[in-house]
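Since the structure comes first, as structure tokens, the remarks are kept for the end.
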Amino acid sequence: MRAFIVTAADRPGSAAEILGVVASAGVDLRAVTGVADGQTGMVALIPEDEEACRRALAGTDHRVVETELEVTEVERVQGAAARLALKLADGGVNLMLMTAIGMDGDRVQVAIGATDHARLKSALA
């Protein structure tokens, strides 16, 4: 599973534009996460069809970075995300993306992308 992290200007409609391009290409998304800092916005897409998403985004002027994801589960309790982030930091993992992609009872599925995928896998083992 891969995520496509798309960078855009932080302005009204940027996310809609990116999501519209992907939707027009018929790409179903498993998850979407967006953040902005007042100047730059980023939208992380986790598509069902990675190749179709790649083709759709190639037709835009946006910077797109792909990252391989690992999925893990944590308990749905206070501090679980902090403990996971600390575990990854202790393993020397530089995060690109960490986002919830599902929930089942008291468990939360978390997708994680990092600059070094092998190090990420090792830290999660």
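Residue numbers start at 1 in each chain; chains themselves are named A, B, ... in the order of the structure tokens; ligands are numbered from 1 in the order shown.
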Exercise for the section: Can you check which residues of chain A DSSP gives as helix (DSSP H, G or I) on the backbone and send them as a PyMOL selection string? Expected result: chain A and resi 14-24+50-58+80-90+117-124
Handout entry: Selection near stretch 68-73 of chain A, 7 Å with only C-alpha atoms, sequence-local residues under 5 positions removed, as a PyMOL selection string
Key = chain A and resi 1-3+107-113+117
Now that the selection is made, can you save its residues with N, CA and C atoms as a PDB file, in the first residue's frame?
ATOM      1  N   MET A   1       0.859  -1.166   0.000  1.00  0.00           N
ATOM      2  CA  MET A   1       0.000   0.000   0.000  1.00  0.00           C
ATOM      3  C   MET A   1       0.908   1.234   0.000  1.00  0.00           C
ATOM      4  N   ARG A   2       0.523   2.208  -0.819  1.00  0.00           N
ATOM      5  CA  ARG A   2       1.303   3.439  -0.940  1.00  0.00           C
ATOM      6  C   ARG A   2       0.412   4.647  -0.679  1.00  0.00           C
ATOM      7  N   ALA A   3       1.051   5.716  -0.221  1.00  0.00           N
ATOM      8  CA  ALA A   3       0.385   7.003  -0.090  1.00  0.00           C
ATOM      9  C   ALA A   3       1.021   7.967  -1.077  1.00  0.00           C
ATOM     10  N   ARG A 107      -9.590  -1.124  18.794  1.00  0.00           N
ATOM     11  CA  ARG A 107      -8.336  -1.095  18.041  1.00  0.00           C
ATOM     12  C   ARG A 107      -8.441  -0.088  16.899  1.00  0.00           C
ATOM     13  N   VAL A 108      -7.344   0.628  16.641  1.00  0.00           N
ATOM     14  CA  VAL A 108      -7.270   1.601  15.549  1.00  0.00           C
ATOM     15  C   VAL A 108      -6.176   1.162  14.593  1.00  0.00           C
ATOM     16  N   GLN A 109      -6.497   1.078  13.305  1.00  0.00           N
ATOM     17  CA  GLN A 109      -5.500   0.760  12.288  1.00  0.00           C
ATOM     18  C   GLN A 109      -4.841   2.068  11.856  1.00  0.00           C
ATOM     19  N   VAL A 110      -3.507   2.049  11.861  1.00  0.00           N
ATOM     20  CA  VAL A 110      -2.727   3.240  11.545  1.00  0.00           C
ATOM     21  C   VAL A 110      -1.810   2.936  10.373  1.00  0.00           C
ATOM     22  N   ALA A 111      -1.867   3.768   9.330  1.00  0.00           N
ATOM     23  CA  ALA A 111      -0.960   3.654   8.187  1.00  0.00           C
ATOM     24  C   ALA A 111       0.205   4.605   8.428  1.00  0.00           C
ATOM     25  N   ILE A 112       1.418   4.087   8.198  1.00  0.00           N
ATOM     26  CA  ILE A 112       2.623   4.866   8.483  1.00  0.00           C
ATOM     27  C   ILE A 112       3.547   4.808   7.276  1.00  0.00           C
ATOM     28  N   GLY A 113       4.039   5.977   6.875  1.00  0.00           N
ATOM     29  CA  GLY A 113       5.048   6.086   5.827  1.00  0.00           C
ATOM     30  C   GLY A 113       6.262   6.798   6.394  1.00  0.00           C
ATOM     31  N   HIS A 117      11.887   2.968   4.529  1.00  0.00           N
ATOM     32  CA  HIS A 117      10.867   1.945   4.760  1.00  0.00           C
ATOM     33  C   HIS A 117      11.419   0.753   5.543  1.00  0.00           C
TER      34      HIS A 117
END
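Counting only C-alpha atoms and comparing A:Thr33, A:Gly26, A:Thr60, A:Arg55, the residue that lies closest to A:Ala8 is A:Thr60.
With distances restricted to only C-alpha atoms, A:Val77 is the closest residue to A:Gly105 from A:Val6, A:Ala56, A:Val77, A:Leu84.
If you measure from each of A:Asp49, A:Ala125, A:Ile5, A:Met103 to A:Glu75 using only C-alpha atoms, the closest one turns out to be A:Met103.
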